[in-house]
Structure formats: structure tokens, C-alpha cells
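**Student:** Here it is: the structure, laid out below.
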Amino acid sequence: MLRDLHNSIKVSRAISPTRAADNTALTGQGIDMQGFYACEFLVAIGTVADADATFTGEVQESTDNSTFTAAADKDLIGTEANIAFNFGDDDEVRKIGYCGSLRYARLVLTPASNTGNFDLSAVCIQYA
């Protein structure tokens, strides 16, 4: 049987394309991991207008898609430093994987020192 990438993955919106101009955390939607071994979050960074803005990321997990906690480092593929970025990282892409045992996962990106606009979005690729 031919296994191709197209029929072996599911792609979901993690964080809708957004333009923001403050330090409010961008909390992604919960991704249902039932039937999947792991997922990869991809963050597409657009333009970051503020000259000293920084952004940190966290992968969170949940059993009920309601109460989320930080995923353990052992359940990440890569580190959360992989998805951190700053004002000099326009038009780049970051990634981090999740392979934990809880049913739901989500991505949270938090800006600091941001008073200018920034554009970004994130998708989640799940695989069995």
C-alpha cells in the first residue's frame, strides 16, 4: 500500500491569522489528538513592527479541552525556545512538536514589550 504524506496527516488551524498591537497572549484552539500519535505546530511570522518586541511560546495539554496546563518537556519534540522570536524575525517560520498522552494540545504565544503591530498565524499538522 502506498503511504503518502497527503493522506497521512491532518492539518488544523492552531491560531487564526492575526494582527495585534499589544502584549495579550494569543491562545490557540485545542487540537483533538484522538487517533494521532503526535503533532507539529508551525508558526508563520509576518511583520513585527515594534523594535524591541519579543515573543515566547508554550505548548499546553488537557484531558477535557477546557483546563490546560503546560506540557512536560519530555512530551515535546524540540523545545519551546524553538518557537520564541523577536522583532528581527520577520517572515520566518518556527516549529515545535507534541507527543504527549493527553487528548488535547494547544499553542500559546505571548508577546512582551510590544506596542507595534505584528502579524502571525499557526497551523497544526497531526500524524498517526
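The chains in the C-alpha cells are called A, B, ... from first to last as shown; in each chain the residues are counted from 1, and the ligands are counted from 1 in the order shown.
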Step one, run DSSP on the backbone; step two, keep only residues of stretch 18-110 of chain A assigned to helix (DSSP H, G or I); then write them as a list in words.

**Tutor:**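 Assigned to helix (DSSP H, G or I), within stretch 18-110 of chain A: Asp73, Lys74, Asp75, Glu80, Ala81, Asn82 and Ile83 of chain A.
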
**Student:** Write out the residues from the selection above, keeping all heavy atoms, as an mmCIF file, in the first residue's frame.

**Tutor:**
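See result02.cif below for the written result:
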data_model
loop_
_atom_site.group_PDB
_atom_site.id
_atom_site.type_symbol
_atom_site.label_atom_id
_atom_site.label_comp_id
_atom_site.auth_asym_id
_atom_site.auth_seq_id
_atom_site.Cartn_x
_atom_site.Cartn_y
_atom_site.Cartn_z
ATOM 1 N N ASP A 73 8.356 18.834 29.270
ATOM 2 C CA ASP A 73 9.415 18.878 28.259
ATOM 3 C C ASP A 73 9.584 17.529 27.568
ATOM 4 O O ASP A 73 9.877 17.481 26.369
ATOM 5 C CB ASP A 73 10.744 19.300 28.885
ATOM 6 C CG ASP A 73 10.768 20.776 29.259
ATOM 7 O OD1 ASP A 73 9.893 21.536 28.794
ATOM 8 O OD2 ASP A 73 11.668 21.169 30.029
ATOM 9 N N LYS A 74 9.390 16.428 28.291
ATOM 10 C CA LYS A 74 9.543 15.096 27.702
ATOM 11 C C LYS A 74 8.486 14.802 26.638
ATOM 12 O O LYS A 74 8.667 13.908 25.817
ATOM 13 C CB LYS A 74 9.506 14.016 28.791
ATOM 14 C CG LYS A 74 8.147 13.836 29.437
ATOM 15 C CD LYS A 74 8.150 12.721 30.463
ATOM 16 C CE LYS A 74 6.800 12.495 31.078
ATOM 17 N NZ LYS A 74 5.738 12.180 30.152
ATOM 18 N N ASP A 75 7.403 15.567 26.637
ATOM 19 C CA ASP A 75 6.329 15.379 25.667
ATOM 20 C C ASP A 75 6.444 16.327 24.470
ATOM 21 O O ASP A 75 5.552 16.372 23.628
ATOM 22 C CB ASP A 75 4.966 15.562 26.334
ATOM 23 C CG ASP A 75 4.676 14.471 27.344
ATOM 24 O OD1 ASP A 75 5.173 13.342 27.165
ATOM 25 O OD2 ASP A 75 3.943 14.748 28.317
ATOM 26 N N GLU A 80 10.573 24.755 23.646
ATOM 27 C CA GLU A 80 9.760 25.949 23.444
ATOM 28 C C GLU A 80 10.603 27.146 23.008
ATOM 29 O O GLU A 80 10.071 28.082 22.413
ATOM 30 C CB GLU A 80 8.941 26.229 24.701
ATOM 31 C CG GLU A 80 7.862 25.174 24.863
ATOM 32 C CD GLU A 80 7.115 25.192 26.176
ATOM 33 O OE1 GLU A 80 7.680 25.629 27.194
ATOM 34 O OE2 GLU A 80 5.960 24.739 26.170
ATOM 35 N N ALA A 81 11.892 27.088 23.227
ATOM 36 C CA ALA A 81 12.785 28.130 22.700
ATOM 37 C C ALA A 81 12.758 28.139 21.172
ATOM 38 O O ALA A 81 13.007 29.173 20.547
ATOM 39 C CB ALA A 81 14.211 27.922 23.202
ATOM 40 N N ASN A 82 12.408 26.997 20.557
ATOM 41 C CA ASN A 82 12.335 26.906 19.094
ATOM 42 C C ASN A 82 11.244 27.800 18.507
ATOM 43 O O ASN A 82 11.302 28.142 17.330
ATOM 44 C CB ASN A 82 12.062 25.474 18.638
ATOM 45 C CG ASN A 82 13.201 24.533 18.932
ATOM 46 O OD1 ASN A 82 14.291 24.950 19.296
ATOM 47 N ND2 ASN A 82 12.950 23.256 18.786
ATOM 48 N N ILE A 83 10.223 28.120 19.300
ATOM 49 C CA ILE A 83 9.126 28.931 18.777
ATOM 50 C C ILE A 83 9.174 30.368 19.277
ATOM 51 O O ILE A 83 8.307 31.167 18.959
ATOM 52 C CB ILE A 83 7.747 28.298 19.049
ATOM 53 C CG1 ILE A 83 7.549 27.989 20.524
ATOM 54 C CG2 ILE A 83 7.544 27.069 18.167
ATOM 55 C CD1 ILE A 83 6.173 27.464 20.887
#

**Student:** Quick one: residues within 10 Å of A:Phe118, only C-alpha atoms, excluding same-chain residues fewer than 3 positions away - as number ranges by chain?

**Tutor:** A: 18-22, 45-50, 53, 87, 90, 111, 114-115

**Student:** What's around stretch 56-65 of chain A at 9 Å? Count only C-alpha atoms, leave out sequence neighbours fewer than 2 positions away in its own chain, and write the answer as a PyMOL selection string.

**Tutor:** chain A and resi 29-32+41+54+67-72+76+80-86+96-98+100-112

**Student:** Please save N, CA, C and O atoms of the selected residues as a short mmCIF file (atom, residue, chain, number, x, y, z; two decimals), in the first residue's frame.

**Tutor:**
data_model
loop_
_atom_site.label_atom_id
_atom_site.label_comp_id
_atom_site.auth_asym_id
_atom_site.auth_seq_id
_atom_site.Cartn_x
_atom_site.Cartn_y
_atom_site.Cartn_z
N GLN A 29 -6.53 27.29 19.52
CA GLN A 29 -7.63 26.37 19.80
C GLN A 29 -7.07 25.03 20.23
O GLN A 29 -5.96 24.66 19.87
N GLY A 30 -7.86 24.28 20.99
CA GLY A 30 -7.47 22.93 21.38
C GLY A 30 -7.52 22.01 20.17
O GLY A 30 -8.47 22.02 19.39
N ILE A 31 -6.48 21.21 20.01
CA ILE A 31 -6.38 20.25 18.92
C ILE A 31 -6.66 18.87 19.49
O ILE A 31 -5.97 18.41 20.41
N ASP A 32 -7.68 18.19 18.96
CA ASP A 32 -8.05 16.86 19.44
C ASP A 32 -7.04 15.84 18.89
O ASP A 32 -6.94 15.64 17.68
N PHE A 41 3.32 21.94 15.57
CA PHE A 41 2.79 23.29 15.43
C PHE A 41 3.76 24.10 14.59
O PHE A 41 4.97 24.11 14.86
N THR A 54 9.46 40.96 21.94
CA THR A 54 9.88 39.56 22.00
C THR A 54 8.64 38.69 22.20
O THR A 54 7.61 39.16 22.70
N THR A 67 -9.47 22.77 30.70
CA THR A 67 -8.42 23.10 31.65
C THR A 67 -7.09 22.65 31.08
O THR A 67 -6.83 21.45 30.95
N PHE A 68 -6.25 23.61 30.72
CA PHE A 68 -4.95 23.33 30.10
C PHE A 68 -3.82 23.62 31.07
O PHE A 68 -3.90 24.56 31.87
N THR A 69 -2.77 22.82 30.99
CA THR A 69 -1.53 23.04 31.74
C THR A 69 -0.36 22.90 30.77
O THR A 69 -0.50 22.33 29.69
N ALA A 70 0.78 23.41 31.18
CA ALA A 70 1.97 23.32 30.34
C ALA A 70 2.34 21.86 30.10
O ALA A 70 2.33 21.04 31.02
N ALA A 71 2.65 21.52 28.86
CA ALA A 71 3.11 20.18 28.53
C ALA A 71 4.52 19.97 29.10
O ALA A 71 5.33 20.90 29.10
N ALA A 72 4.79 18.78 29.57
CA ALA A 72 6.12 18.45 30.09
C ALA A 72 7.14 18.47 28.96
O ALA A 72 6.82 18.12 27.81
N LEU A 76 7.54 17.07 24.41
CA LEU A 76 7.76 18.00 23.30
C LEU A 76 8.83 17.45 22.36
O LEU A 76 9.77 16.78 22.80
N GLU A 80 10.57 24.75 23.65
CA GLU A 80 9.76 25.95 23.44
C GLU A 80 10.60 27.15 23.01
O GLU A 80 10.07 28.08 22.41
N ALA A 81 11.89 27.09 23.23
CA ALA A 81 12.78 28.13 22.70
C ALA A 81 12.76 28.14 21.17
O ALA A 81 13.01 29.17 20.55
N ASN A 82 12.41 27.00 20.56
CA ASN A 82 12.33 26.91 19.09
C ASN A 82 11.24 27.80 18.51
O ASN A 82 11.30 28.14 17.33
N ILE A 83 10.22 28.12 19.30
CA ILE A 83 9.13 28.93 18.78
C ILE A 83 9.17 30.37 19.28
O ILE A 83 8.31 31.17 18.96
N ALA A 84 10.20 30.70 20.07
CA ALA A 84 10.38 32.09 20.50
C ALA A 84 10.93 32.91 19.33
O ALA A 84 11.64 32.38 18.48
N PHE A 85 10.56 34.16 19.29
CA PHE A 85 11.08 35.04 18.24
C PHE A 85 11.05 36.47 18.72
O PHE A 85 10.51 36.77 19.79
N ASN A 86 11.66 37.37 17.94
CA ASN A 86 11.68 38.77 18.32
C ASN A 86 11.50 39.66 17.09
O ASN A 86 11.23 39.17 16.00
N ILE A 96 7.42 23.36 16.61
CA ILE A 96 7.59 22.55 17.81
C ILE A 96 6.59 21.41 17.75
O ILE A 96 5.46 21.59 17.26
N GLY A 97 6.98 20.24 18.22
CA GLY A 97 6.11 19.08 18.20
C GLY A 97 5.60 18.71 19.58
O GLY A 97 6.20 19.06 20.60
N TYR A 98 4.49 17.98 19.59
CA TYR A 98 3.89 17.46 20.82
C TYR A 98 3.60 15.98 20.62
O TYR A 98 3.00 15.60 19.62
N GLY A 100 2.61 13.97 23.63
CA GLY A 100 2.14 13.56 24.95
C GLY A 100 0.94 12.64 24.87
O GLY A 100 0.42 12.34 23.79
N SER A 101 0.47 12.23 26.02
CA SER A 101 -0.62 11.25 26.08
C SER A 101 -2.00 11.86 26.32
O SER A 101 -3.00 11.14 26.30
N LEU A 102 -2.08 13.18 26.54
CA LEU A 102 -3.39 13.77 26.79
C LEU A 102 -4.13 14.02 25.49
O LEU A 102 -3.54 14.12 24.41
N ARG A 103 -5.44 14.12 25.59
CA ARG A 103 -6.28 14.17 24.39
C ARG A 103 -6.17 15.46 23.59
O ARG A 103 -6.31 15.45 22.38
N TYR A 104 -5.92 16.58 24.26
CA TYR A 104 -5.90 17.88 23.57
C TYR A 104 -4.56 18.59 23.76
O TYR A 104 -3.93 18.48 24.81
N ALA A 105 -4.16 19.32 22.75
CA ALA A 105 -2.95 20.15 22.82
C ALA A 105 -3.27 21.50 22.19
O ALA A 105 -4.15 21.60 21.32
N ARG A 106 -2.58 22.53 22.63
CA ARG A 106 -2.74 23.85 22.03
C ARG A 106 -1.45 24.63 22.18
O ARG A 106 -0.56 24.29 22.96
N LEU A 107 -1.38 25.71 21.44
CA LEU A 107 -0.22 26.58 21.42
C LEU A 107 -0.61 27.94 21.97
O LEU A 107 -1.68 28.46 21.65
N VAL A 108 0.26 28.51 22.81
CA VAL A 108 0.06 29.86 23.33
C VAL A 108 1.32 30.67 23.04
O VAL A 108 2.43 30.24 23.36
N LEU A 109 1.15 31.82 22.39
CA LEU A 109 2.26 32.73 22.10
C LEU A 109 2.03 34.02 22.86
O LEU A 109 0.94 34.60 22.79
N THR A 110 3.05 34.47 23.59
CA THR A 110 2.90 35.64 24.44
C THR A 110 3.92 36.71 24.07
O THR A 110 5.13 36.49 24.19
N PRO A 111 3.46 37.89 23.62
CA PRO A 111 4.37 39.00 23.32
C PRO A 111 4.76 39.75 24.60
O PRO A 111 4.03 39.76 25.58
N ALA A 112 5.92 40.39 24.54
CA ALA A 112 6.36 41.29 25.61
C ALA A 112 6.98 42.53 24.95
O ALA A 112 7.56 42.43 23.87
#

**Student:** I need the residues of stretch 46-103 of chain A that end up classed as strand (DSSP E or B) by DSSP on the backbone, written out as a ChimeraX atom specification.

**Tutor:** /A:46-48,54-62,69-70,76-77,85-86,93-98

**Student:** Write out as a PyMOL selection string the residues lying within 8 Å of A:Tyr37, counting only C-alpha atoms and excluding same-chain residues fewer than 6 positions away.

**Tutor:** chain A and resi 99+126-128

**Student:** Please measure the separation of atom CA of A:Asp119 and atom CA of A:Glu92, giving the value in Å to one decimal.

**Tutor:**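 Value for the atom CA of A:Asp119-atom CA of A:Glu92 distance: 11.2 Å.
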
**Student:** Taking 2 positions as the minimum chain separation for residues in the same chain, which residues sit within 8 Å of A:Ile15 when counting only C-alpha atoms? Answer as a PyMOL selection string.

**Tutor:** chain A and resi 13+17-18+26-29+107+121-123

**Student:** Measuring between only C-alpha atoms, which one of A:Ile9, A:Glu40, A:Asn23, A:Ser66 shows the shortest distance to A:Arg94?

**Tutor:**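 For A:Arg94, the nearest of the candidates is A:Glu40.
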
**Student:** Quick one: pull the distance between atom CA of A:Asn7 and atom CA of A:Gln34, Å, one decimal.

**Tutor:**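 Between atom CA of A:Asn7 and atom CA of A:Gln34 the gap is 16.8 Å.
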